[in-house]
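Worksheet: one structure, shown below.
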Amino acid sequence: MAVDAFHILAAAAETGHTVGWIDDFGLVLAAAAVAVVVFHLLRWPVIFGYILAGILIGPHLFPKPLVEDQLAIRQISELGVIFLLFFIGLEFDLRRLQRVLGPALLGLVLQTLTMLYLAQVLAPLLGWNAIHTIFFGSLLAISSSMVTVRVLRDTGRLRDAPAQFTLGILILEDVLAVLLLVVLTGVAVTQTFAWNAAWIVIVGMLLFVVMVFLIGRTVVPVIWSKVAGGENPDPEAMTLMSVGLVMGVSLLALRLDFSPALGAFVAGTLFSSSSLAQRVENMNRSLHDVFTAVFFVAVGMQLDPALLFGKAGWILLVASLVILGKLFSCALGLCLCGQGGRLAFQAALPKAQIGEFSFIIAALGNSLDVLDERVTTLAYGVALVTILTTPVLTSRVETLYAAFRRLLPSGLIGFFTTYRQFVEGLMVGLGRSRVLQLIRRPVLQVVLYFLLITGVIILESLAARRLLDLVVDAPLPWLWRLAYWLAAGLLVAPFLFAVLRNLNAIAFILTDALVNGSARSPFYQARLKRMISSLLLVFFLTFLGLVFLSLAAPYLPGRALPGLLVLIVALAIFLLRGRLIRLNSQMELLFLQSFREDVTSREEARRTRLLEMISEQSPWEVSVEDLLVPRHAAWSGKRIRDLDLRRKFGVNILALGRRNVMVFDPVPEAPVFSGDRIVVTGSSEAIAAVREASREQVSPEERPAPGPGHFQLRQVFVPPRSCLDGQTLAGGRVRKTFGVTVIGVQREEKRSFNPGPEFLIEAGDILLVAGIPEKIEAFAEACGEKPLPAGGLRLD
C-alpha cells in the first residue's frame with residue numbers, strides 16, 4: 001500500500017506525465033494552505049478545512065476535476081499516515097498510562113465492544129456485508145486524539161484528574177488503532193475474519209514490536225549520540241536519520257506482511273519519553289504537517305457532497321448513537337474500576353467522537369476495494385458531526401452530569417457508591433501484597449525475554465531459507481545447517497538463561513508465600529519448599545514450551561536437529577553459567593542506560609532551553625540582570641504574583657535564587673524574601689525602575705511579613721472521600737486555594753519527592769506540606785484531617 005508512494009516519480013516519468021503530477025501535487029498543497037489560513041481565522045478545526053479543500057478540488061463538485069492524477073495523490077497521501085503514526089509514537093508515554101492503566105483498559109474494551117455491536121445492529125438496516133460491518137465498527141471505536149486534547153486544553157481541563165483518564169484511554173486507542181490496521185488489512189485480503197488467524201497476527205505483531213523496540217531502544221541512542229550529538233548537531237543529519245529510520249522500519253513491517261503504519265508507530269516509540277523526542281519532533285514537524293494535510297485533502301477528494309447530504313438523516317442518527325454509546329460505555333468501565341461517577345462522566349465526554357484514525361481506516365478500506373462510497377460517506381459524515389459537537393458538550397459537562405444524575409434511581413447511585421468503597425478497599429489490599437510487588441518485575445522480564453527469543457528464532461529461520469541456499473551445493477550441507485543453528489542457539493542462550501533465572505525467582509517467591517509456617521519442623525518445611533518450587537518451575541517451563549512450539553514450530557529445523565540444538569544450548573548454559581549472568585546483567589544495564597540518561601538530562605535540557613531563550617532575546621534591546629532584594633525590603637514576604645512586575649514594569653522573572661539554590665521559571669505563588677536574588681529580563685529602563693522599586697523598605701512600625709523561619713513542614717493524611725481523593729495536584733488547586741505547597745507524597749512504602757502537577761492523589765496518601773501554620777491548618781481541615789508533625793516522613 002504505502003510503498004507505492006516511493007515509486008510515484010519513477011512511474012510518472014515512465015508514462016510521461018511528470019509535469020501533470022507535479023501540477024496536481026502543487027494544487028493540493030495550495031488548497032491546503034488556503035484552508036489553514038481560513039480555518040485558523042475562524043478558529044475551527046483545520047481538519048474540516050482540509051476536507052473541504054479536497055471536496056472543492058475533487059471530482060464530484062465540478063464537471064471537470066481540477067486534480068487529474070488522483071491515484072498519485074492518494075498514494076502520496078499514504079505518507080501522511082506514516083508520519084501521523086510516527087508522531088503518535090513519539091508522544092507515547094508508558095509512565096502516564098501506567099497510573100491509569102486498569103480503568104482506561106476496561107473503558108476502552110467496553111467502548112470497542114459497544115461500537116462493534118452498534119455496527120452489527122446497523123448492518124442489516126443499511127444492507128452491509130460482514131466486511132463492511134467489521135470496518136465500520138473499527139473506525140467507530142477510535143476517538144480523535146487531536147480534537148480531544150485541543151478541547152481539554154481550550155477548556156483548561158488538561159491537567160485535571162478526569163483528563164488523565166481521558167489521555168490514558170487515548171494512548172490505548174492509539175495502540176488499538178495500529179492493531180486494527182494490521183488485522184483489517186488481513187481481513188480485506190482474505191475476505192473473512194477468523195479468530196485463529198487474528199491471534200496469529202496479533203502475536204506476530206507483538207513479536208515485531210518487542211524486538212524492534214528492545215533492539216532499537218538500545219542501539220538508536222548510541223548511534224544518534226555519535227552522529228547527531230554534541231552542542232551543535234547537524235540538522236541535516238538529524239532529519240535524514242529520523243526519516244530514514246521511520247521509512248526503514250515501515251518498510252520492514254511491510255516486508256513482514258504488516259501495515260507500514262505499525263512500523264512508523266514503533267519507530268516513534270524508539271524516541272518517546274526521551275530527551276531526543278522533542279528534537280526529532282521539531283526537525284520533522286514540517287514533513288508531518290505537509291503529508292498529513294495531503295492525506296486529509298485526499299480524503300475530501302473522495303467525498304461526494306450529494307451522497308453526504310442524501311444520508312444526512314442516517315449521519316445524525318449514527319452520530320447521536322456514537323456519542324451516547326461512547327459516553328456511557330467508557331464511563332461504565334471507569335466506574336467498574338472504582339472511579340466516581342462525576343470523574344467517569346467528565347473523562348468520557350471529551351472523547352465521544354471519531355476522527356483522524358477513522359479517516360485512515362476508511363481510506364484503507366477504499367484502497368483495498370472492500371468499502372464503497374455508502375460506508376465511507378457515512379463514516380466521514382459521522383466524524384464531522386461528532387467533532388463539531390465535542391467542544392459544545394465538553395463546555396457544558398457539569399450541567400449535563402447534573403441532569404444525568406437526576407435521571408438515575410437513588411438505589412443505583414447507592415449501589416455504585418458501595419461498590420466503589422469495596423473496590424477501594426480491595427485495591428488497598430492488593431497494593432500492600434508483598435507477593436505481587438515481588439513477582440511483578442520477574443514476570444515482566446519473562447514475558448519480554450520470551451517474546452524476544454521467539455522473535456529471534458522466527459527471524460533466523462526466515463534468514464536461513466536464503467543463506468543456506470548459498471551452500472546447498474557445498475560438501476556436507478548438513479554440517480552448515482548445524483553450524484548455523486548452533487550459532488542461533490548461542491545467540492538466544494543469554495535470553496533463555498534470563499528466563500530460567502526469573503522463573504526460578506517467581507517459583508521461590510510463590511512457594512515461600514504458600515508454605516511459610518505451614519510445617520511444624522523447619523527441616524520438613526525446607527524440603528516441602530524445594531519440592532513445590534521445583535514443581536512450579538517444571539509447570540512454568542512446560543507451559544512456556546507449549547506456547548513457544550505453537551508459535552515457532554513452523555520455523556524450527558526439521559528432524560533431529562532441534563533436539564540436538566536443545567542439548568547443545570543446555571550444555572552451554574551449564575558450562576558458561578557465570579559468564580551468561582554477567583552478559584545478561586550487562587545487556588539489561590545497556591538497555592536501561594538510555595532511559596536513565598534521558599531522565600537525568602531533562603532538567604539540564606530545560607535549563608539549556610531557558611538560557612537559549614535568554615540569549616535569543618538579547619538582540620531585541622532587552623537585557624538580563626540579577627537583582628538582590630535588600631534587607632527590610634517592602635517586597636519581603638510577598639508572592640511573585642503580588643509583585644506583578646510584568647504588568648507594572650514590563651519585565652519577566654526568569655529565576656529566583658535563595659542562598660545556594662536557583663529555581664528557574666518560578667511559580668507565581670513563590671514568596672520573595674530579603675537576601676533573595678531575582679533574575680529579570682526587560683528593557684534597560686524597565687529594569688532600572690524595578691531596581692529602584694526593590695529598594696523601597698517597610699517602616700519600623702509595620703508588621704514584618706513572615707520570613708523563612710515562619711514556614712513549617714507538616715504531614716496531612718488524605719482520608720477516603722476527601723476533596724482531594726482522585727484529584728491531581730493541579731486539579732485540586734492546592735497552592736492557589738490554600739497557599740501551601742505539596743513537596744512530597746508517601747503512598748504505602750513508596751515515597752515521592754516534588755511530585756508533578758499531574759500526580760494523582762489517592763485516599764490513604766500522606767502529603768508533606770510546606771507553608772504558614774495557619775494555612776496548613778485550613779488545608780488540613782478542608783481535607784477532613786488534622787496536620788501531623790513532619791518528623792516521621794523522610795523522602796529519599
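Residue numbering restarts at 1 in every chain; chains get A, B, ... in the order shown in the C-alpha cells, and ligands count up from 1 in that same order.
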
Tell me which protein, DNA and RNA residues are within 8 Å of A:Leu85, counting only C-alpha atoms, leaving out same-chain ones fewer than 2 positions away, and put them as a list in words.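 Near neighbours after the sequence-gap exclusion: Val81, Ile82, Phe83, Phe87, Ile88, Gly89, Ala261, Leu262, Ala264, Phe265 and Gly268 of chain A.
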
Would you output that residue set with all heavy atoms, as a short mmCIF file (atom, residue, chain, number, x, y, z; two decimals), in the first residue's frame?
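Once written, selection.cif looks like this:
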data_model
loop_
_atom_site.label_atom_id
_atom_site.label_comp_id
_atom_site.auth_asym_id
_atom_site.auth_seq_id
_atom_site.Cartn_x
_atom_site.Cartn_y
_atom_site.Cartn_z
N VAL A 81 -0.16 9.13 6.55
CA VAL A 81 -0.47 8.13 7.58
C VAL A 81 0.79 7.72 8.31
O VAL A 81 0.83 7.59 9.54
CB VAL A 81 -1.16 6.91 6.95
CG1 VAL A 81 -1.47 5.86 8.00
CG2 VAL A 81 -2.44 7.33 6.24
N ILE A 82 1.88 7.52 7.57
CA ILE A 82 3.14 7.09 8.18
C ILE A 82 3.66 8.15 9.15
O ILE A 82 4.03 7.85 10.29
CB ILE A 82 4.18 6.79 7.09
CG1 ILE A 82 3.78 5.52 6.34
CG2 ILE A 82 5.57 6.66 7.67
CD1 ILE A 82 4.72 5.15 5.22
N PHE A 83 3.68 9.41 8.73
CA PHE A 83 4.19 10.46 9.61
C PHE A 83 3.24 10.74 10.77
O PHE A 83 3.67 11.09 11.87
CB PHE A 83 4.45 11.74 8.81
CG PHE A 83 5.76 11.72 8.09
CD1 PHE A 83 5.81 11.41 6.74
CD2 PHE A 83 6.94 11.99 8.74
CE1 PHE A 83 7.03 11.38 6.06
CE2 PHE A 83 8.15 11.96 8.09
CZ PHE A 83 8.21 11.65 6.74
N PHE A 87 4.48 10.37 14.69
CA PHE A 87 4.35 11.38 15.74
C PHE A 87 3.53 10.86 16.92
O PHE A 87 3.79 11.24 18.07
CB PHE A 87 3.72 12.66 15.16
CG PHE A 87 4.74 13.63 14.63
CD1 PHE A 87 5.61 13.24 13.64
CD2 PHE A 87 4.84 14.91 15.13
CE1 PHE A 87 6.57 14.12 13.15
CE2 PHE A 87 5.79 15.80 14.66
CZ PHE A 87 6.66 15.40 13.67
N ILE A 88 2.55 10.02 16.65
CA ILE A 88 1.80 9.42 17.76
C ILE A 88 2.74 8.54 18.59
O ILE A 88 2.68 8.52 19.83
CB ILE A 88 0.61 8.61 17.22
CG1 ILE A 88 -0.44 9.57 16.65
CG2 ILE A 88 0.00 7.74 18.30
CD1 ILE A 88 -1.61 8.88 15.99
N GLY A 89 3.63 7.81 17.93
CA GLY A 89 4.62 7.03 18.66
C GLY A 89 5.57 7.90 19.46
O GLY A 89 5.98 7.54 20.56
N ALA A 261 2.06 1.39 8.79
CA ALA A 261 1.70 2.26 9.91
C ALA A 261 2.22 1.69 11.23
O ALA A 261 2.61 2.45 12.13
CB ALA A 261 0.19 2.45 9.98
N LEU A 262 2.23 0.35 11.35
CA LEU A 262 2.79 -0.28 12.56
C LEU A 262 4.26 0.05 12.69
O LEU A 262 4.75 0.40 13.77
CB LEU A 262 2.57 -1.79 12.50
CG LEU A 262 3.25 -2.61 13.59
CD1 LEU A 262 2.70 -2.25 14.96
CD2 LEU A 262 3.10 -4.10 13.32
N ALA A 264 5.85 2.64 11.47
CA ALA A 264 6.01 4.05 11.78
C ALA A 264 5.75 4.31 13.26
O ALA A 264 6.46 5.09 13.91
CB ALA A 264 5.06 4.88 10.92
N PHE A 265 4.72 3.68 13.82
CA PHE A 265 4.41 3.86 15.24
C PHE A 265 5.55 3.35 16.11
O PHE A 265 5.96 4.02 17.07
CB PHE A 265 3.11 3.13 15.57
CG PHE A 265 2.74 3.17 17.03
CD1 PHE A 265 2.14 4.29 17.57
CD2 PHE A 265 2.98 2.08 17.85
CE1 PHE A 265 1.80 4.33 18.91
CE2 PHE A 265 2.64 2.11 19.18
CZ PHE A 265 2.05 3.24 19.72
N GLY A 268 8.48 5.65 16.13
CA GLY A 268 8.28 6.79 17.02
C GLY A 268 8.52 6.45 18.48
O GLY A 268 9.06 7.27 19.23
#

Identify, on the basis of only C-alpha atoms, every residue whose closest approach to A:Pro391 does not exceed 8 Å; exclude the query and any residue fewer than 3 positions from it along the same chain; express the result as an NGL selection string. :A and (151 or 350 or 387-388 or 394-395)

Skip A:Gly414 itself and residues of its chain fewer than 6 positions away, then list as number ranges by chain all residues within 12 Å of it, counting only C-alpha atoms. A: 340-341, 408, 420-421

Kindly save the residues from that selection, with N, CA, C and O atoms included, as an mmCIF file, in the first residue's frame.
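Result file is part12.cif:
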data_model
loop_
_atom_site.group_PDB
_atom_site.id
_atom_site.type_symbol
_atom_site.label_atom_id
_atom_site.label_comp_id
_atom_site.auth_asym_id
_atom_site.auth_seq_id
_atom_site.Cartn_x
_atom_site.Cartn_y
_atom_site.Cartn_z
ATOM 1 N N GLY A 340 -15.246 7.498 40.620
ATOM 2 C CA GLY A 340 -16.513 8.151 40.897
ATOM 3 C C GLY A 340 -17.285 8.467 39.627
ATOM 4 O O GLY A 340 -16.731 8.575 38.535
ATOM 5 N N GLY A 341 -18.603 8.634 39.781
ATOM 6 C CA GLY A 341 -19.455 8.897 38.631
ATOM 7 C C GLY A 341 -19.137 10.207 37.950
ATOM 8 O O GLY A 341 -19.108 10.289 36.718
ATOM 9 N N LEU A 408 -31.058 9.205 37.334
ATOM 10 C CA LEU A 408 -30.696 7.893 37.878
ATOM 11 C C LEU A 408 -31.502 7.587 39.138
ATOM 12 O O LEU A 408 -31.725 8.466 39.975
ATOM 13 N N ARG A 420 -17.913 1.259 44.878
ATOM 14 C CA ARG A 420 -16.660 1.997 44.824
ATOM 15 C C ARG A 420 -15.869 1.825 46.112
ATOM 16 O O ARG A 420 -14.640 1.649 46.076
ATOM 17 N N GLN A 421 -16.544 1.860 47.258
ATOM 18 C CA GLN A 421 -15.854 1.640 48.523
ATOM 19 C C GLN A 421 -15.241 0.248 48.590
ATOM 20 O O GLN A 421 -14.119 0.063 49.082
#

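The interatomic distance for the pair atom CA of A:Glu669 and atom CA of A:Pro162 works out to 24.7 Å.
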
From the list A:Gly313, A:Pro668, A:Gly216, A:Gly127, which residue is nearest A:Asp642 when using only C-alpha atoms? A:Pro668

Name the residues in contact with A:Tyr117 at a cut-off of 8 Å, using only C-alpha atoms, excluding same-chain residues fewer than 4 positions from it; report them as a ChimeraX atom specification. /A:113,121,137

So, with only C-alpha atoms as the atoms that count, which of A:Leu486, A:Leu628, A:Ile360, A:Ala782 lies closest to A:Ser77?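 Among the listed residues, A:Ile360 lies closest to A:Ser77.
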
Please list as an MDAnalysis selection string every residue within 9 Å of stretch 775-781 of chain A, counting only C-alpha atoms and excluding residues in the same chain fewer than 5 positions away. chainID A and resid 712:714 716:718 734 737:740 769:770 786:787

Can you pull out every residue within 12 Å of A:Leu245, counting only C-alpha atoms, but drop anything in the same chain fewer than 6 positions away, and send it as a list in words? Ile82, Phe83, Phe86, Val212, Gly216, Val220, Ile223, Trp224, Ala237, Met238, Thr239, Leu251, Leu252, Gly263, Ala264, Phe265, Val266, Ala267, Gly268, Thr269, Leu270, Phe271 and Val280 of chain A

Could those selected residues go to a file with N, CA and C atoms, as a PDB file, in the first residue's frame?
ATOM      1  N   ILE A  82       1.880   7.522   7.567  1.00  0.00           N
ATOM      2  CA  ILE A  82       3.142   7.095   8.182  1.00  0.00           C
ATOM      3  C   ILE A  82       3.659   8.152   9.155  1.00  0.00           C
ATOM      4  N   PHE A  83       3.677   9.411   8.728  1.00  0.00           N
ATOM      5  CA  PHE A  83       4.191  10.462   9.614  1.00  0.00           C
ATOM      6  C   PHE A  83       3.235  10.738  10.770  1.00  0.00           C
ATOM      7  N   PHE A  86       3.990   8.046  13.172  1.00  0.00           N
ATOM      8  CA  PHE A  86       5.319   8.295  13.744  1.00  0.00           C
ATOM      9  C   PHE A  86       5.237   9.311  14.877  1.00  0.00           C
ATOM     10  N   VAL A 212      11.818  -4.926  17.729  1.00  0.00           N
ATOM     11  CA  VAL A 212      12.278  -3.633  17.197  1.00  0.00           C
ATOM     12  C   VAL A 212      12.481  -2.644  18.338  1.00  0.00           C
ATOM     13  N   GLY A 216      16.090  -1.431  19.006  1.00  0.00           N
ATOM     14  CA  GLY A 216      16.210  -0.024  18.612  1.00  0.00           C
ATOM     15  C   GLY A 216      16.445   0.894  19.788  1.00  0.00           C
ATOM     16  N   VAL A 220      19.724   2.810  18.879  1.00  0.00           N
ATOM     17  CA  VAL A 220      19.482   4.119  18.269  1.00  0.00           C
ATOM     18  C   VAL A 220      20.091   5.265  19.078  1.00  0.00           C
ATOM     19  N   ILE A 223      23.904   5.406  18.420  1.00  0.00           N
ATOM     20  CA  ILE A 223      24.244   5.913  17.080  1.00  0.00           C
ATOM     21  C   ILE A 223      23.922   7.401  16.980  1.00  0.00           C
ATOM     22  N   TRP A 224      22.782   7.785  17.545  1.00  0.00           N
ATOM     23  CA  TRP A 224      22.372   9.186  17.469  1.00  0.00           C
ATOM     24  C   TRP A 224      23.387  10.094  18.167  1.00  0.00           C
ATOM     25  N   ALA A 237      21.688  15.929   9.248  1.00  0.00           N
ATOM     26  CA  ALA A 237      21.916  14.560   9.700  1.00  0.00           C
ATOM     27  C   ALA A 237      20.768  14.076  10.577  1.00  0.00           C
ATOM     28  N   MET A 238      20.266  14.941  11.467  1.00  0.00           N
ATOM     29  CA  MET A 238      19.167  14.558  12.338  1.00  0.00           C
ATOM     30  C   MET A 238      17.910  14.245  11.537  1.00  0.00           C
ATOM     31  N   THR A 239      17.603  15.099  10.554  1.00  0.00           N
ATOM     32  CA  THR A 239      16.399  14.883   9.763  1.00  0.00           C
ATOM     33  C   THR A 239      16.499  13.605   8.944  1.00  0.00           C
ATOM     34  N   LEU A 251       9.124  -0.009   6.084  1.00  0.00           N
ATOM     35  CA  LEU A 251       9.377  -0.955   5.003  1.00  0.00           C
ATOM     36  C   LEU A 251       9.601  -2.358   5.546  1.00  0.00           C
ATOM     37  N   LEU A 252      10.284  -2.481   6.694  1.00  0.00           N
ATOM     38  CA  LEU A 252      10.463  -3.783   7.331  1.00  0.00           C
ATOM     39  C   LEU A 252       9.124  -4.386   7.708  1.00  0.00           C
ATOM     40  N   GLY A 263       5.009  -0.055  11.593  1.00  0.00           N
ATOM     41  CA  GLY A 263       6.429   0.277  11.650  1.00  0.00           C
ATOM     42  C   GLY A 263       6.672   1.725  12.004  1.00  0.00           C
ATOM     43  N   ALA A 264       5.847   2.635  11.470  1.00  0.00           N
ATOM     44  CA  ALA A 264       6.006   4.053  11.784  1.00  0.00           C
ATOM     45  C   ALA A 264       5.746   4.314  13.262  1.00  0.00           C
ATOM     46  N   PHE A 265       4.718   3.681  13.818  1.00  0.00           N
ATOM     47  CA  PHE A 265       4.409   3.860  15.242  1.00  0.00           C
ATOM     48  C   PHE A 265       5.555   3.349  16.114  1.00  0.00           C
ATOM     49  N   VAL A 266       6.077   2.173  15.796  1.00  0.00           N
ATOM     50  CA  VAL A 266       7.178   1.612  16.586  1.00  0.00           C
ATOM     51  C   VAL A 266       8.422   2.484  16.462  1.00  0.00           C
ATOM     52  N   ALA A 267       8.679   3.024  15.265  1.00  0.00           N
ATOM     53  CA  ALA A 267       9.823   3.923  15.099  1.00  0.00           C
ATOM     54  C   ALA A 267       9.688   5.149  15.984  1.00  0.00           C
ATOM     55  N   GLY A 268       8.481   5.652  16.134  1.00  0.00           N
ATOM     56  CA  GLY A 268       8.278   6.795  17.020  1.00  0.00           C
ATOM     57  C   GLY A 268       8.520   6.453  18.476  1.00  0.00           C
ATOM     58  N   THR A 269       8.125   5.240  18.894  1.00  0.00           N
ATOM     59  CA  THR A 269       8.317   4.851  20.295  1.00  0.00           C
ATOM     60  C   THR A 269       9.791   4.726  20.658  1.00  0.00           C
ATOM     61  N   LEU A 270      10.677   4.564  19.660  1.00  0.00           N
ATOM     62  CA  LEU A 270      12.104   4.478  19.961  1.00  0.00           C
ATOM     63  C   LEU A 270      12.631   5.782  20.543  1.00  0.00           C
ATOM     64  N   PHE A 271      11.954   6.898  20.259  1.00  0.00           N
ATOM     65  CA  PHE A 271      12.381   8.197  20.785  1.00  0.00           C
ATOM     66  C   PHE A 271      11.480   8.692  21.913  1.00  0.00           C
ATOM     67  N   VAL A 280      13.612  15.498  17.653  1.00  0.00           N
ATOM     68  CA  VAL A 280      13.161  14.771  16.465  1.00  0.00           C
ATOM     69  C   VAL A 280      11.831  15.328  15.977  1.00  0.00           C
TER      70      VAL A 280
END

For A:Trp128, which residue out of A:Ala306, A:Asp372, A:Ile73, A:Leu116 is the nearest one, using only C-alpha atoms? A:Asp372

With only C-alpha atoms counted and 12 Å as the cut-off, give the residues of stretch 204-238 of chain A in contact with stretch 173-194 of chain A, each with its shortest interatomic distance in Å and the pair that gives it, as CSV.
residue,atom,partner,partner_atom,distance
A:Gly204,CA,A:Val182,CA,10.4
A:Met205,CA,A:Leu179,CA,7.9
A:Leu206,CA,A:Leu179,CA,9.4
A:Val209,CA,A:Leu179,CA,11.0

List as a short mmCIF file (atom, residue, chain, number, x, y, z; two decimals) with all heavy atoms, in the first residue's frame the protein and nucleic acid residues near stretch 290-298 of chain A, meaning an atom at most 6 Å away when only C-alpha atoms are counted, but skip any in the same chain fewer than 3 places from it.
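The file below, around36.cif, is the result:
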data_model
loop_
_atom_site.label_atom_id
_atom_site.label_comp_id
_atom_site.auth_asym_id
_atom_site.auth_seq_id
_atom_site.Cartn_x
_atom_site.Cartn_y
_atom_site.Cartn_z
N TYR A 50 -9.14 21.05 5.50
CA TYR A 50 -8.50 20.16 4.54
C TYR A 50 -9.55 19.37 3.75
O TYR A 50 -9.44 19.21 2.53
CB TYR A 50 -7.55 19.20 5.26
CG TYR A 50 -6.36 19.86 5.91
CD1 TYR A 50 -5.83 19.37 7.10
CD2 TYR A 50 -5.75 20.97 5.34
CE1 TYR A 50 -4.73 19.96 7.71
CE2 TYR A 50 -4.65 21.58 5.94
CZ TYR A 50 -4.15 21.06 7.11
OH TYR A 50 -3.07 21.65 7.70
N ILE A 51 -10.53 18.83 4.49
CA ILE A 51 -11.56 18.02 3.82
C ILE A 51 -12.38 18.87 2.86
O ILE A 51 -12.69 18.45 1.73
CB ILE A 51 -12.45 17.34 4.86
CG1 ILE A 51 -11.63 16.32 5.68
CG2 ILE A 51 -13.64 16.65 4.21
CD1 ILE A 51 -12.37 15.69 6.81
N GLY A 54 -10.43 19.44 -0.21
CA GLY A 54 -10.46 18.26 -1.06
C GLY A 54 -11.76 18.13 -1.83
O GLY A 54 -11.76 17.72 -3.00
N ARG A 74 -3.47 10.05 -3.99
CA ARG A 74 -3.87 9.11 -2.92
C ARG A 74 -2.67 8.30 -2.43
O ARG A 74 -2.53 8.03 -1.24
CB ARG A 74 -4.96 8.17 -3.42
CG ARG A 74 -6.34 8.81 -3.48
CD ARG A 74 -7.43 7.76 -3.46
NE ARG A 74 -7.35 6.88 -4.62
CZ ARG A 74 -7.97 7.08 -5.77
NH1 ARG A 74 -8.72 8.16 -5.93
NH2 ARG A 74 -7.86 6.22 -6.76
N SER A 77 -0.51 10.50 -0.34
CA SER A 77 -1.18 10.80 0.93
C SER A 77 -0.94 9.72 1.97
O SER A 77 -1.06 9.98 3.17
CB SER A 77 -2.68 10.98 0.70
OG SER A 77 -3.30 9.75 0.38
N GLY A 80 1.31 10.54 4.64
CA GLY A 80 0.72 11.26 5.77
C GLY A 80 0.35 10.33 6.89
O GLY A 80 0.50 10.66 8.08
N LEU A 287 7.51 18.01 7.68
CA LEU A 287 7.12 16.85 6.88
C LEU A 287 5.79 16.29 7.36
O LEU A 287 4.92 15.92 6.56
CB LEU A 287 8.20 15.77 6.96
CG LEU A 287 9.52 16.07 6.23
CD1 LEU A 287 10.54 14.99 6.54
CD2 LEU A 287 9.29 16.16 4.74
N MET A 301 -11.25 14.66 -1.31
CA MET A 301 -11.45 14.43 -2.74
C MET A 301 -12.32 13.21 -3.01
O MET A 301 -12.96 13.12 -4.07
CB MET A 301 -10.08 14.26 -3.42
CG MET A 301 -9.25 15.53 -3.48
SD MET A 301 -7.53 15.23 -4.00
CE MET A 301 -7.80 14.44 -5.58
#

Could you check the closest approach to A:Leu94 for each of A:Leu52, A:Ile57, A:Leu436, A:Ile169 and tell me which residue wins, using only C-alpha atoms? A:Ile169

Computed interatomic separation between atom CA of A:Asn504 and atom CA of A:Leu452 (Å):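 Answer for the atom CA of A:Asn504 to atom CA of A:Leu452 separation: 19.0 Å.
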
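Between atom CA of A:Val318 and atom CA of A:Val382 the interatomic distance comes to 6.7 Å.
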
Using only C-alpha atoms: which of A:Pro305, A:Gly244, A:Gly300, A:Gly107 has the shortest distance to A:Ala331: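 Closest to A:Ala331 of all the choices is A:Gly107.
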